[in-house]
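Listing of run-v1.tsv; format and content: TSV, C-alpha atoms and all ligand atoms.
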```
chain	number	residue	atom	x	y	z
A	1	MET	CA	-63.49	-68.33	55.54
A	2	SER	CA	-66.96	-68.72	57.03
A	3	PHE	CA	-67.37	-70.72	60.20
A	4	ILE	CA	-70.44	-72.90	60.51
A	5	ILE	CA	-70.10	-73.47	64.28
A	6	VAL	CA	-68.16	-71.42	66.80
A	7	ALA	CA	-67.91	-72.31	70.50
A	8	GLU	CA	-66.42	-69.75	72.85
A	9	ASN	CA	-65.30	-70.81	76.33
A	10	THR	CA	-68.31	-73.04	76.89
A	11	THR	CA	-68.69	-75.11	80.03
A	12	TYR	CA	-71.24	-77.93	80.35
A	13	ARG	CA	-72.19	-79.80	83.48
A	14	TYR	CA	-74.83	-82.13	84.79
A	15	GLY	CA	-75.81	-80.67	88.14
A	16	ALA	CA	-72.55	-80.04	89.98
A	17	LYS	CA	-70.55	-82.41	87.73
A	18	ILE	CA	-68.50	-80.53	85.13
A	19	VAL	CA	-68.06	-82.57	81.93
A	20	LEU	CA	-66.60	-79.99	79.53
A	21	GLU	CA	-64.79	-76.93	80.78
A	22	ASN	CA	-63.91	-73.81	78.83
A	23	ILE	CA	-64.25	-75.46	75.42
A	24	SER	CA	-63.51	-73.30	72.36
A	25	PHE	CA	-63.48	-74.35	68.72
A	26	GLN	CA	-64.38	-73.25	65.22
A	27	ILE	CA	-65.69	-75.51	62.48
A	28	SER	CA	-65.59	-74.34	58.87
A	29	GLU	CA	-68.03	-75.27	56.11
A	30	LYS	CA	-67.40	-78.82	54.78
A	31	GLU	CA	-64.90	-79.76	57.47
A	32	LYS	CA	-65.05	-83.36	58.68
A	33	ILE	CA	-64.24	-83.56	62.36
A	34	ALA	CA	-63.51	-86.76	64.28
A	35	LEU	CA	-64.61	-86.41	67.90
A	36	LEU	CA	-62.37	-88.66	69.98
A	37	GLY	CA	-62.10	-89.45	73.66
A	38	LYS	CA	-62.30	-92.37	76.03
A	39	ASN	CA	-65.64	-93.56	77.43
A	40	GLY	CA	-67.18	-90.84	79.57
A	41	SER	CA	-64.93	-88.07	78.20
A	42	GLY	CA	-67.92	-86.01	77.00
A	43	LYS	CA	-68.36	-86.75	73.28
A	44	SER	CA	-72.10	-87.35	73.50
A	45	THR	CA	-72.39	-84.37	75.85
A	46	LEU	CA	-70.78	-82.11	73.25
A	47	ILE	CA	-73.10	-83.52	70.58
A	48	LYS	CA	-76.10	-82.80	72.79
A	49	ALA	CA	-74.73	-79.32	73.42
A	50	ILE	CA	-74.44	-78.70	69.67
A	51	ASN	CA	-78.10	-79.72	69.42
A	52	ARG	CA	-79.05	-77.33	72.23
A	53	LEU	CA	-80.21	-80.20	74.40
A	54	ILE	CA	-78.20	-79.05	77.40
A	55	PRO	CA	-77.62	-75.46	78.40
A	56	SER	CA	-74.16	-73.97	78.50
A	57	TYR	CA	-73.33	-72.64	81.93
A	58	SER	CA	-70.87	-70.17	80.52
A	59	GLY	CA	-69.81	-69.04	77.07
A	60	ARG	CA	-71.85	-69.77	73.95
A	61	ILE	CA	-72.08	-71.81	70.79
A	62	SER	CA	-73.19	-69.96	67.68
A	63	PHE	CA	-74.07	-71.19	64.22
A	64	ARG	CA	-73.27	-69.44	60.97
A	65	PHE	CA	-73.04	-66.31	63.10
A	66	GLU	CA	-71.36	-64.17	60.52
A	67	LYS	CA	-73.35	-65.36	57.56
A	68	LEU	CA	-76.97	-65.74	58.53
A	69	ARG	CA	-77.11	-63.87	61.82
A	70	HIS	CA	-79.41	-66.29	63.48
A	71	ASP	CA	-78.34	-68.75	65.99
A	72	TYR	CA	-79.50	-72.26	65.20
A	73	PRO	CA	-79.26	-74.04	61.86
A	74	THR	CA	-82.31	-75.76	60.43
A	75	ASP	CA	-80.21	-78.07	58.28
A	76	ILE	CA	-78.41	-79.93	61.05
A	77	TYR	CA	-79.15	-83.65	61.27
A	78	THR	CA	-77.90	-85.70	64.20
A	79	ILE	CA	-77.94	-89.43	64.68
A	80	PHE	CA	-77.67	-90.03	68.40
A	81	SER	CA	-76.18	-93.20	69.83
A	82	HIS	CA	-79.54	-94.83	70.66
A	83	PRO	CA	-81.68	-94.99	67.47
A	84	ASP	CA	-84.79	-96.13	69.36
A	85	GLU	CA	-85.02	-92.74	71.02
A	86	GLN	CA	-85.30	-90.84	67.76
A	87	ILE	CA	-87.49	-93.01	65.57
A	88	LEU	CA	-90.90	-91.36	65.53
A	89	MET	CA	-93.18	-92.92	62.92
A	90	ASN	CA	-94.85	-96.31	62.55
A	91	THR	CA	-93.58	-97.23	59.07
A	92	VAL	CA	-90.16	-96.97	57.48
A	93	TYR	CA	-91.70	-94.97	54.62
A	94	SER	CA	-93.31	-92.40	56.90
A	95	GLU	CA	-90.13	-92.07	58.97
A	96	LEU	CA	-88.32	-90.77	55.89
A	97	ALA	CA	-91.33	-88.85	54.54
A	98	LEU	CA	-91.63	-86.83	57.75
A	99	GLY	CA	-88.42	-84.85	57.26
A	100	LEU	CA	-88.94	-84.49	53.51
A	101	LEU	CA	-92.42	-83.02	54.04
A	102	GLN	CA	-90.96	-80.65	56.64
A	103	GLN	CA	-88.42	-79.59	54.03
A	104	GLY	CA	-91.35	-78.69	51.76
A	105	ARG	CA	-90.60	-81.39	49.15
A	106	LYS	CA	-93.35	-82.10	46.66
A	107	GLU	CA	-95.20	-85.38	47.18
A	108	GLU	CA	-94.30	-86.62	43.69
A	109	GLU	CA	-90.55	-86.35	44.35
A	110	ILE	CA	-90.74	-87.81	47.86
A	111	ASP	CA	-91.36	-91.40	46.72
A	112	ALA	CA	-88.30	-91.38	44.44
A	113	ILE	CA	-86.02	-89.93	47.15
A	114	ILE	CA	-87.23	-92.45	49.72
A	115	GLU	CA	-86.72	-95.38	47.35
A	116	LYS	CA	-83.23	-94.23	46.45
A	117	SER	CA	-82.25	-93.68	50.09
A	118	LEU	CA	-83.64	-96.99	51.33
A	119	SER	CA	-82.02	-98.88	48.44
A	120	TYR	CA	-78.67	-97.31	49.26
A	121	PHE	CA	-78.80	-98.84	52.73
A	122	GLY	CA	-80.45	-102.12	51.68
A	123	LEU	CA	-83.70	-101.28	53.46
A	124	LEU	CA	-86.13	-101.13	50.54
A	125	PRO	CA	-87.76	-104.50	51.46
A	126	TYR	CA	-88.81	-102.92	54.79
A	127	ILE	CA	-90.47	-99.84	53.30
A	128	HIS	CA	-93.94	-100.68	54.64
A	129	GLU	CA	-92.75	-102.32	57.88
A	130	SER	CA	-92.68	-100.80	61.34
A	131	PRO	CA	-89.22	-99.42	62.22
A	132	TYR	CA	-89.55	-101.21	65.55
A	133	CYS	CA	-89.34	-104.56	63.70
A	134	LEU	CA	-85.82	-103.70	62.53
A	135	SER	CA	-82.66	-104.93	64.23
A	136	SER	CA	-80.51	-102.33	66.00
A	137	GLY	CA	-78.06	-102.17	63.07
A	138	GLU	CA	-80.97	-101.79	60.65
A	139	LYS	CA	-82.44	-98.99	62.79
A	140	LYS	CA	-79.11	-97.19	62.57
A	141	LYS	CA	-79.20	-97.63	58.79
A	142	LEU	CA	-82.77	-96.26	58.75
A	143	LEU	CA	-81.54	-93.06	60.40
A	144	LEU	CA	-78.62	-92.92	57.98
A	145	ALA	CA	-81.07	-93.33	55.09
A	146	THR	CA	-83.09	-90.46	56.58
A	147	ALA	CA	-79.97	-88.29	56.73
A	148	PHE	CA	-79.11	-89.27	53.17
A	149	SER	CA	-82.62	-88.30	51.98
A	150	LEU	CA	-82.49	-84.90	53.70
A	151	ASN	CA	-79.04	-83.94	52.42
A	152	PRO	CA	-78.25	-81.84	55.53
A	153	GLY	CA	-75.72	-79.00	55.70
A	154	ILE	CA	-74.32	-80.38	58.97
A	155	LEU	CA	-74.35	-84.07	59.81
A	156	VAL	CA	-73.55	-85.12	63.38
A	157	LEU	CA	-73.06	-88.80	64.10
A	158	ASP	CA	-72.63	-90.30	67.57
A	159	GLU	CA	-71.00	-93.73	67.29
A	160	PRO	CA	-72.31	-94.44	63.78
A	161	PHE	CA	-70.46	-97.75	63.52
A	162	SER	CA	-71.84	-99.35	66.65
A	163	ASN	CA	-74.02	-102.41	65.94
A	164	LEU	CA	-72.98	-102.48	62.29
A	165	ASP	CA	-71.39	-105.59	60.81
A	166	ALA	CA	-68.00	-105.39	59.07
A	167	LYS	CA	-69.47	-104.99	55.58
A	168	SER	CA	-71.88	-102.27	56.73
A	169	LYS	CA	-69.02	-100.40	58.44
A	170	LYS	CA	-67.08	-100.34	55.18
A	171	GLU	CA	-70.14	-99.21	53.25
A	172	LEU	CA	-70.89	-96.50	55.79
A	173	SER	CA	-67.29	-95.19	55.59
A	174	LEU	CA	-67.65	-94.97	51.85
A	175	TYR	CA	-71.00	-93.20	52.10
A	176	ILE	CA	-69.73	-90.67	54.66
A	177	SER	CA	-66.62	-89.98	52.58
A	178	LYS	CA	-68.82	-89.17	49.57
A	179	LEU	CA	-71.07	-86.77	51.51
A	180	ASP	CA	-70.14	-83.19	50.81
A	181	CYS	CA	-71.37	-81.54	54.01
A	182	THR	CA	-69.91	-80.47	57.34
A	183	GLN	CA	-69.58	-83.51	59.58
A	184	ILE	CA	-68.86	-84.20	63.24
A	185	ILE	CA	-68.39	-87.86	64.04
A	186	ALA	CA	-67.84	-89.33	67.49
A	187	SER	CA	-66.31	-92.76	67.20
A	188	HIS	CA	-63.81	-95.23	68.63
A	189	GLU	CA	-63.31	-96.81	65.16
A	190	TYR	CA	-60.08	-95.02	64.32
A	191	GLU	CA	-59.30	-96.96	61.16
A	192	TYR	CA	-62.63	-96.05	59.59
A	193	ILE	CA	-62.80	-92.42	60.63
A	194	ARG	CA	-59.26	-91.68	59.52
A	195	SER	CA	-60.38	-92.53	55.99
A	196	PHE	CA	-62.67	-89.51	55.80
A	197	CYS	CA	-62.02	-87.11	58.72
A	198	THR	CA	-59.39	-84.44	58.28
A	199	LYS	CA	-59.26	-82.97	61.76
A	200	ALA	CA	-59.58	-84.44	65.26
A	201	PHE	CA	-61.10	-82.99	68.41
A	202	VAL	CA	-59.91	-84.92	71.46
A	203	LEU	CA	-61.76	-84.65	74.76
A	204	TYR	CA	-59.69	-85.42	77.82
A	205	ASN	CA	-59.94	-84.35	81.45
A	206	HIS	CA	-62.87	-82.01	80.63
A	207	ARG	CA	-60.78	-80.14	78.03
A	208	LEU	CA	-60.71	-80.07	74.25
A	209	PHE	CA	-57.47	-80.60	72.31
A	210	ILE	CA	-57.51	-79.87	68.58
A	211	PHE	CA	-55.37	-81.69	66.01
A	212	ASP	CA	-55.53	-80.01	62.61
A	213	ARG	CA	-54.47	-83.25	60.95
A	214	ILE	CA	-56.09	-86.41	62.26
A	215	GLN	CA	-52.93	-88.43	61.59
A	216	ASP	CA	-51.02	-86.24	64.08
A	217	ILE	CA	-52.92	-87.95	66.86
A	218	LEU	CA	-53.69	-91.38	65.38
A	219	ASP	CA	-50.12	-92.01	64.20
A	220	ASN	CA	-48.54	-90.84	67.44
A	221	PRO	CA	-48.48	-93.66	70.04
A	222	SER	CA	-47.37	-91.36	72.86
A	223	PHE	CA	-50.28	-88.93	72.25
A	224	LEU	CA	-52.69	-91.88	72.03
A	225	ALA	CA	-51.43	-93.09	75.39
A	226	GLU	CA	-51.47	-89.59	76.91
A	227	TYR	CA	-55.16	-89.07	76.03
A	228	GLU	CA	-56.00	-92.70	76.94
A	229	LEU	CA	-57.04	-93.52	73.39
A	230	SER	CA	-54.97	-96.71	73.22
B	301	LIG	N1	-77.76	-87.10	81.96
B	301	LIG	C1	-76.64	-87.16	82.67
B	301	LIG	N2	-76.62	-86.85	83.99
B	301	LIG	C2	-75.51	-86.91	84.72
B	301	LIG	N3	-74.29	-87.25	84.22
B	301	LIG	C3	-74.24	-87.57	82.91
B	301	LIG	C4	-75.40	-87.54	82.07
B	301	LIG	N4	-75.03	-87.91	80.82
B	301	LIG	C5	-73.72	-88.15	80.87
B	301	LIG	N5	-73.24	-87.95	82.13
B	301	LIG	C6	-71.83	-88.07	82.55
B	301	LIG	O1	-71.06	-87.17	81.77
B	301	LIG	C7	-69.82	-87.76	81.42
B	301	LIG	C8	-69.65	-87.72	79.90
B	301	LIG	O2	-70.62	-88.59	79.32
B	301	LIG	P1	-70.77	-88.73	77.75
B	301	LIG	O3	-71.93	-89.62	77.53
B	301	LIG	O4	-70.79	-87.39	77.15
B	301	LIG	O5	-69.39	-89.47	77.39
B	301	LIG	P2	-68.92	-90.10	76.00
B	301	LIG	O6	-67.57	-89.53	75.71
B	301	LIG	O7	-69.97	-89.94	74.99
B	301	LIG	O8	-68.72	-91.63	76.39
B	301	LIG	P3	-68.92	-92.97	75.49
B	301	LIG	O9	-67.65	-93.18	74.69
B	301	LIG	O10	-69.07	-94.04	76.54
B	301	LIG	O11	-70.14	-92.80	74.64
B	301	LIG	C9	-69.81	-89.16	82.01
B	301	LIG	O12	-69.05	-89.14	83.19
B	301	LIG	C10	-71.27	-89.45	82.30
B	301	LIG	O13	-71.41	-90.26	83.41
B	302	MG	MG	-71.15	-91.28	73.90
```
This structure in structure tokens:
Amino acid sequence: MSFIIVAENTTYRYGAKIVLENISFQISEKEKIALLGKNGSGKSTLIKAINRLIPSYSGRISFRFEKLRHDYPTDIYTIFSHPDEQILMNTVYSELALGLLQQGRKEEEIDAIIEKSLSYFGLLPYIHESPYCLSSGEKKKLLLATAFSLNPGILVLDEPFSNLDAKSKKELSLYISKLDCTQIIASHEYEYIRSFCTKAFVLYNHRLFIFDRIQDILDNPSFLAEYELS
């Protein structure tokens, strides 16, 4: 089996403050991982680490090490928890076009992909608007539409359900469950993520605990209490 991400004894800290200590894991192609942990346990830190936004102070994370023999994937798409910080362009259309042009898509196919992606998330009426005129839930959907248009190999989502209304949460669950790529999803919305994640990574006390079946943690009240998830 080929691993898409391998972390070996990695430690991450902000200054002197250790957040994750001696973390090791392997993620296979197409696995859908729920990243769980109480507030401040290090979920967003691990997501930043996967995106090479913070250095590891020991150990290493490698990507498709065995297969491609280079260290960082170009087909990873991450939606961070604050959409404002990652919206770059001044129209909804150009926000989606940016990534598609970088992928080398032909101009004639770009319009069709953008229309399909925006329609999927109910954002087509905003195609020529500024992204900054969107509500926070709509901004999140804009980034999801961008991910949808790019069809990434690895999709990383940090709190994808925050700011979404109940109907949008259901729709997003359905969309994520249909996506056939490797996924890492940090969320406190257990009922939604259990519908599409197979495995759970739990961060607690700076350590990572791996549950090969997500139900082994979510259906076990004493584990939930032990890791302060309930
Ligand atoms: N830039 C930073 N500088 C210093 N400390 C930080 C920084 N970012 C996060 N931390 C600290 O690292 C710890 C982990 O934060 P992180 O944001 O990764 O948690 P989280 O699990 O994503 O929490 P939440 O569920 O609230 O999103 C927290 O104690 C936080 O205060
Ligand atoms: Mg977080």
So which residues are near ligand MG 302 (chain B), meaning at most 10 Å away with only C-alpha atoms and all ligand atoms counted, given back as number ranges by chain? A: 36-48, 80-82, 158-159, 186-188
Take the selection from the previous step and output its residues with C-alpha atoms, as a PDB file, in the frame of the given file.
```pdb
ATOM      1  CA  LEU A  36     -62.370 -88.660  69.980  1.00  0.00           C
ATOM      2  CA  GLY A  37     -62.100 -89.450  73.660  1.00  0.00           C
ATOM      3  CA  LYS A  38     -62.300 -92.370  76.030  1.00  0.00           C
ATOM      4  CA  ASN A  39     -65.640 -93.560  77.430  1.00  0.00           C
ATOM      5  CA  GLY A  40     -67.180 -90.840  79.570  1.00  0.00           C
ATOM      6  CA  SER A  41     -64.930 -88.070  78.200  1.00  0.00           C
ATOM      7  CA  GLY A  42     -67.920 -86.010  77.000  1.00  0.00           C
ATOM      8  CA  LYS A  43     -68.360 -86.750  73.280  1.00  0.00           C
ATOM      9  CA  SER A  44     -72.100 -87.350  73.500  1.00  0.00           C
ATOM     10  CA  THR A  45     -72.390 -84.370  75.850  1.00  0.00           C
ATOM     11  CA  LEU A  46     -70.780 -82.110  73.250  1.00  0.00           C
ATOM     12  CA  ILE A  47     -73.100 -83.520  70.580  1.00  0.00           C
ATOM     13  CA  LYS A  48     -76.100 -82.800  72.790  1.00  0.00           C
ATOM     14  CA  PHE A  80     -77.670 -90.030  68.400  1.00  0.00           C
ATOM     15  CA  SER A  81     -76.180 -93.200  69.830  1.00  0.00           C
ATOM     16  CA  HIS A  82     -79.540 -94.830  70.660  1.00  0.00           C
ATOM     17  CA  ASP A 158     -72.630 -90.300  67.570  1.00  0.00           C
ATOM     18  CA  GLU A 159     -71.000 -93.730  67.290  1.00  0.00           C
ATOM     19  CA  ALA A 186     -67.840 -89.330  67.490  1.00  0.00           C
ATOM     20  CA  SER A 187     -66.310 -92.760  67.200  1.00  0.00           C
ATOM     21  CA  HIS A 188     -63.810 -95.230  68.630  1.00  0.00           C
TER      22      HIS A 188
END
```
Can you tell me which residues surround Leu98 of chain A at a distance of at most 12 Å, considering only C-alpha atoms, apart from same-chain residues fewer than 4 positions away, and format the answer as a PyMOL selection string? chain A and resi 87-94+102-105+107+110-111+114+146-147+149-150
Quick one: of A:Gln86, A:Ser56, A:Asn205, A:Thr198, who's nearest to ligand LIG 301 (chain B), counting all atoms listed in the file? A:Asn205
Name the residues, using the chain letters and numbers of the file, that sit within 12 Å of (-76.1, -79.0, 56.8) when counting all atoms listed in the file, and give them as a PyMOL selection string. chain A and resi 4-5+28-31+63-64+72-78+147-148+150-156+179-184
Of the listed residues A:Ala7, A:Ile27, A:Val19, A:Ile176, that which approaches Ser62 of chain A most closely, counting only C-alpha atoms: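 Looking at the shortest contact to Ser62 of chain A, the residue is A:Ala7.
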Output as JSON the centre and edge lengths (Å, one decimal) of the box along x, y and z of the file that holds every listed atom of ligand LIG 301 (chain B) after adding 8 Å on each side.
```
{"center_x": -72.7, "center_y": -90.4, "center_z": 79.7, "size_x": 26.2, "size_y": 23.2, "size_z": 26.1}
```
To one decimal in Å, tell me the separation between atom CA of Lys169 of chain A and atom CA of Leu157 of chain A.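 Atom CA of Leu157 of chain A lies at a distance of 13.5 Å from atom CA of Lys169 of chain A.
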Ranking A:Glu85, A:Asp212, A:Glu171, A:Glu108 by minimum distance to Phe121 of chain A and counting all atoms listed in the file, which one comes first?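 The answer is A:Glu171, which sits nearest to Phe121 of chain A.
In this comparison, which uses all atoms listed in the file, the residue of A:Pro221, A:Gly15, A:Pro55, A:Gly99 approaching ligand LIG 301 (chain B) most closely is A:Gly15.
Comparing the minimum interatomic distances between Leu142 of chain A and each of A:Arg194, A:Phe3, A:Ile18, A:Asp84, counting only C-alpha atoms, we find that A:Asp84 sits nearest.
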Which residue of A:Ile61, A:Ala145, A:Lys140, A:Tyr204 approaches Leu100 of chain A most closely, using all atoms listed in the file: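 Distance minimum relative to Leu100 of chain A lands on A:Ala145.
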For a test of reading the model, state the distance in Å between atom CA of Lys199 of chain A and atom CA of Lys170 of chain A, rounded to one decimal.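 So the two atoms, atom CA of Lys199 of chain A and atom CA of Lys170 of chain A, lie 20.2 Å apart.
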